[in-house]
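Engineer: First the structure, which I've put down as structure tokens, then a few questions once you've had a look.
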Amino acid sequence: MIRALRPAVLATLTVLVLLVLSPFALVAVNAVKSPDEYGTDGPLSLPNGLYLKGIADFWIRVDFGEKLVNSFVIAFAVAVLAVAVSVLNAYALGIGRVRGRSAFLVFFLLANLLPQEALVYPLYYMSKEVGLYNTRLAVVIVFTAIQSAFGTYLLTSVFTTFPREMLEAAAIDGAGKLRTLWRVVVPISRPSLSVLFTFFFIWTWNEFFLPLVFLISNDKQTVPVALGVLQGDRMMDATTTSASALLGILPAILFFLVFQRTLSRGVMSGAIK
Amino acid sequence: MRSNRGYAAFLVPGALLSLVVIVVPLVMNVGISFTRWQGVGTPEWIGLDNYTRLLEDDNFWASFRNIIFLIVAMAVVPTLIGLVLAAVLFDYVAKAIGPRTASALRSGFYLPQVLPVAVTGIVWGWILNPSFGALNAILTNAHLDGLAKNWLGDPAYALYSVMVVMVWFQVGYPVVMFMSGLRRVDPELYEAAAIDGAGWWRRFTRIAVHHIKPEIYVVLVTTTIAALKIFGQIFVLTRGGPGNATLVPSYFAYQNFFEKAQAGYGSAIATVLALIIVVLSVVFLRIQARDEKRAET
């Protein structure tokens with residue numbers, strides 16, 4: 001019976017996957033058509049040739065290179081800082097087991113679950129008061145706090161099972177707590193830290209709500225914000241929209257391919273969405 | 001024995017950061033929700049007026065009704081589809097055709113998950129566009145013009161269109177989670193059940209689903225909370241419209257904060273949303289802790 005089913009099951013699954021992937025194909029096909037060609041042949045025909053002017057024009061008009069740099073700088077800074085803060089917190093909570101440990105953990109867990117809407121207005125107001133409104137630094141600070149809340153929670157459970165003998169050996173060698181952290185704990189937990197770093201980078205890259213509120217001038221905006229606010233714009237015809245979508249998709253797919261193994265390690269561990 | 005003293009100092013930077021970015025703003029937000037304030041000048045204390053106004057506001061109720069639909073689209077439907085897909089991929093494709101095919105298909109289903117939410121909005125906003133979108137062009141080509149609709153602009157279809165987009169976006173996550181959970185199932189259990197004459201469906205519901213309960217739970221919790229927070233796709237696809245057909249609490253709060261300059265009212269909406277999420281999370285965590293305890297004894 002199983003053999004008879006085989007082609008049917010495989011065919012059904014293939015059709016389903018193609019359906020899921022079809023929006024990507026539609027975007028790719030139409031991003032390389034000229035507006036005239038789209039007008040006559042519609043969205044379903046294969047392109048007559050590679051018309052890259054639509055993408056190039058859009059790139060220049062929104063200064064896409066600048067948006068990539070903004071996104072990269074913000075996501076990278078957040079990933080580095082949030083991993084650092086998570087390590088420090090988790091060192092105190094997971095290895096140091098300081099008093100009030102479980103209260104801190106519950107706090108960090110809830111902080112991560114809170115909707116950003118419940119923080120956004122005071123943050124917006126405060127950033128204006130201290131002159132950080134419309135700066136990338138404000139976004140970096142806010143996301144470092146939000147991401148490290150999650151990182152602290154996750155890393156504390158990793159550090160709780162850290163081999164005690166290694167810490168004691170370091171202490172006997174006369175290493176202080178800071179030195180033990182840097183020379184023993186960090187190198188050994190590097191795999192967990194790289195999973196965290198990857199997720200922080202991609203999550204921050206994908207963020208939309210807070211960067212939308214904080215980065216109002218064009219030259220500060222990230223890729224998702226710059227693309228998102230253009231929707232509904234008069235200049236956005238079918239081919240330009242596909243071109244903009246393609247430019248938004250490509251970095252995400254690149255990260256997916258580069259980080260695939262780290263990502264699946266994280267998702268599989270069940271702790272990370 | 002190493003002393004535990006002296007570790008608290010390592011908590012100082014993180015605690016300060018959380019205080020400034022999370023605790024203080026959260027408390028301020030609750031405070032602002034008891035005032036009438038336009039974001040400038042002195043807030044005027046009005047007690048619970050914003051909350052009583054919420055209860056009479058059709059938009060508020062519409063936003064929560066829509067969220068229930070989106071929980072179905074983002075949590076319930078992807079979990080059900082994900083269960084079937086994961087079981088077929090793991091149990092059938094990987095064994096009968098090969099693990100490489102199974103993992104290639106899995107990556108295909110997962111791909112939408114890697115996109116920034118705003119970009120998924122751009123892709124679908126174009127596909128569903130009534131005048132130059134791909135979907136209506138496909139229908140016209142197939143001589144099904146009658147089925148072509150203003151997918152996002154017609155209040156009768158807008159919410160359902162957004163729901164389909166969200167199923168597309170979410171389905172890969174449960175597939176990946178469930179496939180990894182299924183690896184824990186002892187193959188001998190399956191063989192024993194097969195010998196006892198249990199069919200595929202029976203083995204799937206009795207053995208597989210039972211074993212990956214923890215994964216199902218995690219997926220339902222995280223996707224439900226994600227649905228409650230949804231903002232990016234709504235902002236790009238519909239801005240809550242037409243009317244309030246696709247309005248959600250986060251966008252409703254955003255409108256009041258930044259478009260209508262009603263900071264007090266926006267804060268009240270955000271406070272209610274935060275309360276719902278925190279209460280739900282605490283309930284979920286309690287249930288999980290109880291189940292773990294039961295599993296240990």
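Ordering of the structure tokens sets the chain letters (A, B, ...), residue numbers begin anew at 1 in every chain, and ligands are numbered from 1 in the order given.
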Which residues are close to A:Pro191, i.e. within 12 Å by only C-alpha atoms, leaving aside same-chain residues fewer than 3 positions away? Reply as a PyMOL selection string.
Structural biologist: chain A and resi 155+158+185-188+194-198+261-263+265-266
Engineer: Would you tabulate, counting only C-alpha atoms, all residues of chain B that have an atom at most 7 Å from an atom of chain A, showing the closest pair of atoms and their distance in Å to one decimal, sorted by chain then ascending number, as CSV?
Structural biologist:
residue,atom,partner,partner_atom,distance
B:Arg2,CA,A:Glu168,CA,6.7
B:Asn4,CA,A:Gly96,CA,5.3
B:Tyr7,CA,A:Ala92,CA,5.0
B:Ala8,CA,A:Ala92,CA,5.9
B:Phe10,CA,A:Leu88,CA,5.3
B:Leu11,CA,A:Asn89,CA,5.0
B:Gly14,CA,A:Val85,CA,5.7
B:Leu17,CA,A:Ala145,CA,6.0
B:Ser18,CA,A:Ala145,CA,5.8
B:Val21,CA,A:Val142,CA,6.0
B:Ile22,CA,A:Leu119,CA,6.7
B:Pro25,CA,A:Pro122,CA,5.1
B:Leu26,CA,A:Leu119,CA,5.4
B:Met28,CA,A:Pro122,CA,6.3
B:Asn29,CA,A:Pro122,CA,6.3
B:Leu105,CA,A:Val17,CA,6.7
B:Gly108,CA,A:Val17,CA,5.9
B:Phe109,CA,A:Val17,CA,6.1
B:Val114,CA,A:Ala252,CA,6.1
B:Leu115,CA,A:Ala252,CA,5.6
B:Pro116,CA,A:Asn206,CA,4.3
B:Val117,CA,A:Asn206,CA,6.8
B:Ala118,CA,A:Gly228,CA,5.7
B:Val119,CA,A:Gly248,CA,6.0
B:Ile122,CA,A:Ala245,CA,6.1
B:Val123,CA,A:Ala245,CA,5.8
B:Trp126,CA,A:Thr241,CA,6.8
B:Phe132,CA,A:Ala238,CA,6.1
B:Ala134,CA,A:Pro43,CA,5.5
B:Ala137,CA,A:Gly42,CA,6.9
B:Trp168,CA,A:Val20,CA,6.6
B:Met177,CA,A:Met268,CA,6.2
B:Ser180,CA,A:Met268,CA,6.0
B:Lys229,CA,A:Pro115,CA,6.1
B:Gly232,CA,A:Phe208,CA,6.2
B:Val236,CA,A:Gly228,CA,5.9
B:Ser250,CA,A:Glu117,CA,6.3
B:Ser267,CA,A:Ala118,CA,6.9
B:Ala270,CA,A:Ala118,CA,4.8
B:Thr271,CA,A:Ala118,CA,6.0
B:Ala274,CA,A:Pro115,CA,5.9
B:Ile277,CA,A:Leu114,CA,7.0
B:Val278,CA,A:Leu110,CA,6.8
Engineer: Now that the selection is made, can you save its residues with N, CA and C atoms as a compact mmCIF listing (two decimals), in the first residue's frame?
Structural biologist:
# COMPACT_ATOMS: atom_id res chain seq x y z
N ARG B 2 33.45 27.51 46.78
CA ARG B 2 33.55 28.87 46.27
C ARG B 2 32.40 29.70 46.83
N ASN B 4 29.52 32.52 47.04
CA ASN B 4 28.61 33.10 46.06
C ASN B 4 28.56 34.62 46.16
N TYR B 7 29.03 38.17 43.21
CA TYR B 7 28.49 38.00 41.86
C TYR B 7 27.47 39.08 41.51
N ALA B 8 26.85 39.67 42.53
CA ALA B 8 25.77 40.63 42.29
C ALA B 8 26.24 41.79 41.42
N PHE B 10 27.90 41.75 38.82
CA PHE B 10 27.76 41.47 37.39
C PHE B 10 26.35 41.76 36.89
N LEU B 11 25.42 41.85 37.83
CA LEU B 11 24.03 42.08 37.46
C LEU B 11 23.74 43.58 37.27
N GLY B 14 23.05 45.08 33.51
CA GLY B 14 21.79 44.57 32.96
C GLY B 14 20.59 45.08 33.72
N LEU B 17 20.00 48.77 32.82
CA LEU B 17 19.44 48.87 31.48
C LEU B 17 17.96 48.51 31.48
N SER B 18 17.62 47.41 32.16
CA SER B 18 16.22 47.00 32.22
C SER B 18 15.37 48.03 32.95
N VAL B 21 14.93 51.00 30.39
CA VAL B 21 14.25 50.72 29.12
C VAL B 21 12.93 49.97 29.32
N ILE B 22 12.79 49.23 30.42
CA ILE B 22 11.58 48.43 30.56
C ILE B 22 10.74 48.84 31.78
N PRO B 25 9.58 52.86 31.76
CA PRO B 25 8.56 53.12 30.74
C PRO B 25 7.24 52.39 30.99
N LEU B 26 7.33 51.17 31.50
CA LEU B 26 6.10 50.41 31.75
C LEU B 26 5.24 51.12 32.81
N MET B 28 5.45 54.30 33.66
CA MET B 28 4.99 55.57 33.09
C MET B 28 3.77 55.34 32.20
N ASN B 29 3.82 54.26 31.40
CA ASN B 29 2.72 53.97 30.49
C ASN B 29 1.41 53.79 31.27
N LEU B 105 12.20 19.77 1.67
CA LEU B 105 10.80 20.22 1.75
C LEU B 105 10.57 21.05 3.02
N GLY B 108 11.72 24.50 2.52
CA GLY B 108 10.77 25.23 1.68
C GLY B 108 9.62 25.80 2.49
N PHE B 109 9.06 24.98 3.37
CA PHE B 109 7.95 25.46 4.20
C PHE B 109 8.42 26.53 5.18
N VAL B 114 11.74 33.44 7.60
CA VAL B 114 12.98 34.21 7.75
C VAL B 114 12.80 35.65 7.28
N LEU B 115 11.70 35.96 6.60
CA LEU B 115 11.53 37.31 6.08
C LEU B 115 11.17 38.30 7.19
N PRO B 116 11.64 39.55 7.06
CA PRO B 116 11.13 40.58 7.95
C PRO B 116 9.62 40.72 7.75
N VAL B 117 8.87 40.90 8.84
CA VAL B 117 7.40 40.94 8.70
C VAL B 117 6.96 42.03 7.73
N ALA B 118 7.66 43.15 7.74
CA ALA B 118 7.26 44.23 6.84
C ALA B 118 7.40 43.79 5.38
N VAL B 119 8.41 42.98 5.09
CA VAL B 119 8.63 42.52 3.72
C VAL B 119 7.54 41.53 3.29
N ILE B 122 4.85 43.63 2.10
CA ILE B 122 5.06 44.22 0.77
C ILE B 122 4.76 43.18 -0.30
N VAL B 123 5.27 41.96 -0.13
CA VAL B 123 5.06 40.91 -1.12
C VAL B 123 3.57 40.67 -1.33
N TRP B 126 1.33 43.53 -2.82
CA TRP B 126 1.36 43.59 -4.28
C TRP B 126 0.55 42.45 -4.90
N PHE B 132 -3.23 45.97 -9.99
CA PHE B 132 -2.07 45.40 -10.68
C PHE B 132 -1.49 44.17 -9.98
N ALA B 134 -0.93 40.17 -8.68
CA ALA B 134 -0.77 38.91 -9.41
C ALA B 134 -1.98 38.00 -9.26
N ALA B 137 -4.73 38.79 -11.61
CA ALA B 137 -4.28 38.51 -12.98
C ALA B 137 -4.36 37.01 -13.27
N TRP B 168 0.37 31.33 5.73
CA TRP B 168 1.54 31.16 4.86
C TRP B 168 2.83 31.49 5.62
N MET B 177 9.59 22.55 14.34
CA MET B 177 9.55 22.15 15.75
C MET B 177 9.07 20.71 15.91
N SER B 180 11.50 17.99 14.77
CA SER B 180 12.58 17.70 15.71
C SER B 180 12.04 16.94 16.92
N LYS B 229 0.50 40.34 19.46
CA LYS B 229 1.37 41.49 19.25
C LYS B 229 1.43 41.96 17.81
N GLY B 232 3.43 44.67 12.23
CA GLY B 232 4.08 44.98 10.95
C GLY B 232 3.23 44.65 9.73
N VAL B 236 1.60 47.41 7.02
CA VAL B 236 1.94 47.47 5.60
C VAL B 236 0.76 47.07 4.72
N SER B 250 -2.43 46.53 18.69
CA SER B 250 -1.16 47.26 18.61
C SER B 250 -1.27 48.42 17.63
N SER B 267 -2.16 54.77 25.71
CA SER B 267 -1.54 54.06 26.83
C SER B 267 -2.52 53.08 27.48
N ALA B 270 -2.61 50.06 25.28
CA ALA B 270 -1.37 49.29 25.44
C ALA B 270 -1.34 48.58 26.78
N THR B 271 -1.87 49.23 27.82
CA THR B 271 -1.88 48.61 29.15
C THR B 271 -2.77 47.37 29.15
N ALA B 274 -0.98 44.62 27.31
CA ALA B 274 0.11 44.07 28.10
C ALA B 274 -0.43 43.17 29.21
N ILE B 277 -1.49 39.82 27.83
CA ILE B 277 -0.36 38.97 27.49
C ILE B 277 0.32 38.43 28.75
N VAL B 278 0.50 39.30 29.75
CA VAL B 278 1.17 38.84 30.97
C VAL B 278 0.33 37.78 31.68
Engineer: What is the distance between atom CA of A:Ser71 and atom CA of A:Phe214, in Å to one decimal?
Structural biologist: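 Those two atoms sit 13.5 Å apart.
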Engineer: Go ahead and compute the interatomic distance for atom CA of A:Val140 and atom CA of A:Asn70, in Å to one decimal.
Structural biologist: 11.0 Å
Engineer: Determine the nearest neighbour of B:Asp91 from the options B:Val279, B:Val27, B:Val185, B:Val219, counting only C-alpha atoms.
Structural biologist: B:Val185
Engineer: Assign secondary structure with DSSP using the backbone only, and return the residues of stretch 20-62 of chain B in strand (DSSP E or B) as a CSV table (one decimal) with C-alpha atoms, in the first residue's frame.
Structural biologist:
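Output file out-v4.csv is given in full below:
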chain,number,residue,atom,x,y,z
B,35,THR,CA,-4.6,61.0,32.1
B,36,ARG,CA,-5.6,63.0,29.1
B,44,GLU,CA,-4.5,66.0,33.1
B,45,TRP,CA,-5.5,63.3,35.6
Engineer: Got a sec: who's within 10 Å of B:Val93, counting only C-alpha atoms, leaving out chain neighbours fewer than 2 positions off, as a list in words?
Structural biologist: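 Here the answer would be Arg6, Val9, Leu10 and Leu13 of chain A; Ala86, Ala87, Val88, Leu89, Phe90, Asp91, Lys95, Ala96, Ile97, Gly98, Pro99, Arg100, Thr101, Ala102, Ser103 and Leu105 of chain B.
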Engineer: Can I get the selected residues back with N, CA and C atoms, as a CSV table (one decimal), in the first residue's frame?
Structural biologist:
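Heads up, here's the output in again-v1.csv:
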chain,number,residue,atom,x,y,z
A,6,ARG,N,3.2,6.4,-2.7
A,6,ARG,CA,4.4,7.2,-2.8
A,6,ARG,C,4.3,8.4,-3.8
A,9,VAL,N,1.7,11.1,-2.5
A,9,VAL,CA,2.2,11.9,-1.4
A,9,VAL,C,3.2,12.9,-1.8
A,10,LEU,N,4.2,12.4,-2.6
A,10,LEU,CA,5.3,13.3,-3.0
A,10,LEU,C,4.7,14.4,-3.9
A,13,LEU,N,2.9,17.0,-1.7
A,13,LEU,CA,3.8,17.8,-0.9
A,13,LEU,C,4.6,18.8,-1.8
B,86,ALA,N,4.5,17.6,9.3
B,86,ALA,CA,5.7,17.1,10.0
B,86,ALA,C,5.6,15.5,10.1
B,87,ALA,N,4.4,15.0,10.4
B,87,ALA,CA,4.3,13.6,10.5
B,87,ALA,C,4.6,12.9,9.1
B,88,VAL,N,4.0,13.5,8.0
B,88,VAL,CA,4.2,12.9,6.7
B,88,VAL,C,5.7,13.0,6.3
B,89,LEU,N,6.3,14.2,6.6
B,89,LEU,CA,7.7,14.3,6.2
B,89,LEU,C,8.6,13.4,7.0
B,90,PHE,N,8.4,13.3,8.3
B,90,PHE,CA,9.2,12.6,9.1
B,90,PHE,C,9.0,11.1,9.0
B,91,ASP,N,7.8,10.7,8.9
B,91,ASP,CA,7.4,9.3,9.1
B,91,ASP,C,7.4,8.6,7.7
B,95,LYS,N,11.5,8.2,5.3
B,95,LYS,CA,11.8,6.8,5.3
B,95,LYS,C,11.7,6.2,3.9
B,96,ALA,N,10.6,6.6,3.1
B,96,ALA,CA,10.3,6.0,1.9
B,96,ALA,C,11.1,6.6,0.7
B,97,ILE,N,11.5,7.9,0.9
B,97,ILE,CA,12.1,8.6,-0.2
B,97,ILE,C,13.5,9.0,0.2
B,98,GLY,N,13.7,9.5,1.4
B,98,GLY,CA,15.0,9.8,1.8
B,98,GLY,C,15.0,11.1,2.7
B,99,PRO,N,15.9,11.1,3.7
B,99,PRO,CA,15.9,12.3,4.6
B,99,PRO,C,16.3,13.6,3.9
B,100,ARG,N,17.0,13.5,2.8
B,100,ARG,CA,17.4,14.8,2.1
B,100,ARG,C,16.2,15.4,1.5
B,101,THR,N,15.3,14.6,0.9
B,101,THR,CA,14.1,15.2,0.3
B,101,THR,C,13.3,15.8,1.5
B,102,ALA,N,13.2,15.1,2.6
B,102,ALA,CA,12.4,15.6,3.7
B,102,ALA,C,12.9,16.9,4.2
B,103,SER,N,14.2,17.0,4.3
B,103,SER,CA,14.7,18.3,4.9
B,103,SER,C,14.7,19.4,3.9
B,105,LEU,N,12.2,19.8,1.7
B,105,LEU,CA,10.8,20.2,1.8
B,105,LEU,C,10.6,21.1,3.0
Engineer: With a distance cut-off of 12 Å and only C-alpha atoms, select the neighbouring residues of B:Lys149, excluding the residue or stretch itself and same-chain residues fewer than 3 positions from it, and output the selection as a ChimeraX atom specification.
Structural biologist: /B:127-140,144-146,152-158,161
Engineer: One number please: atom CA of B:Arg203 to atom CA of A:Ala8, in Å, one decimal.
Structural biologist: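 Taking atom CA of B:Arg203 and atom CA of A:Ala8, their separation equals 20.4 Å.
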Engineer: Just the residues within 9 Å of B:Phe257, please, counting only C-alpha atoms, with nothing from its chain fewer than 3 positions along; format it as a list in words.
Structural biologist: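 Here the answer would be Tyr121 of chain A; Gln38, Gly39, Phe252, Ala253, Tyr254, Lys260, Ala261, Gln262, Ala263, Gly264, Tyr265, Gly266 and Ser267 of chain B.
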Engineer: Would you tabulate, counting only C-alpha atoms, all residues of stretch 214-268 of chain B that have an atom at most 9 Å from an atom of stretch 71-85 of chain B, showing the closest pair of atoms and their distance in Å to one decimal, sorted by chain then ascending number, as CSV?
Structural biologist:
residue,atom,partner,partner_atom,distance
B:Ile216,CA,B:Thr79,CA,7.3
B:Val219,CA,B:Thr79,CA,7.3
B:Leu220,CA,B:Ala75,CA,5.5
B:Val221,CA,B:Ala75,CA,8.0
B:Thr222,CA,B:Ala75,CA,8.3
B:Thr223,CA,B:Ala75,CA,5.0
B:Thr224,CA,B:Ala75,CA,5.5
B:Ile225,CA,B:Ile71,CA,8.5
B:Ala226,CA,B:Met74,CA,8.0
B:Ala227,CA,B:Ile71,CA,5.5
B:Leu228,CA,B:Ile71,CA,7.4
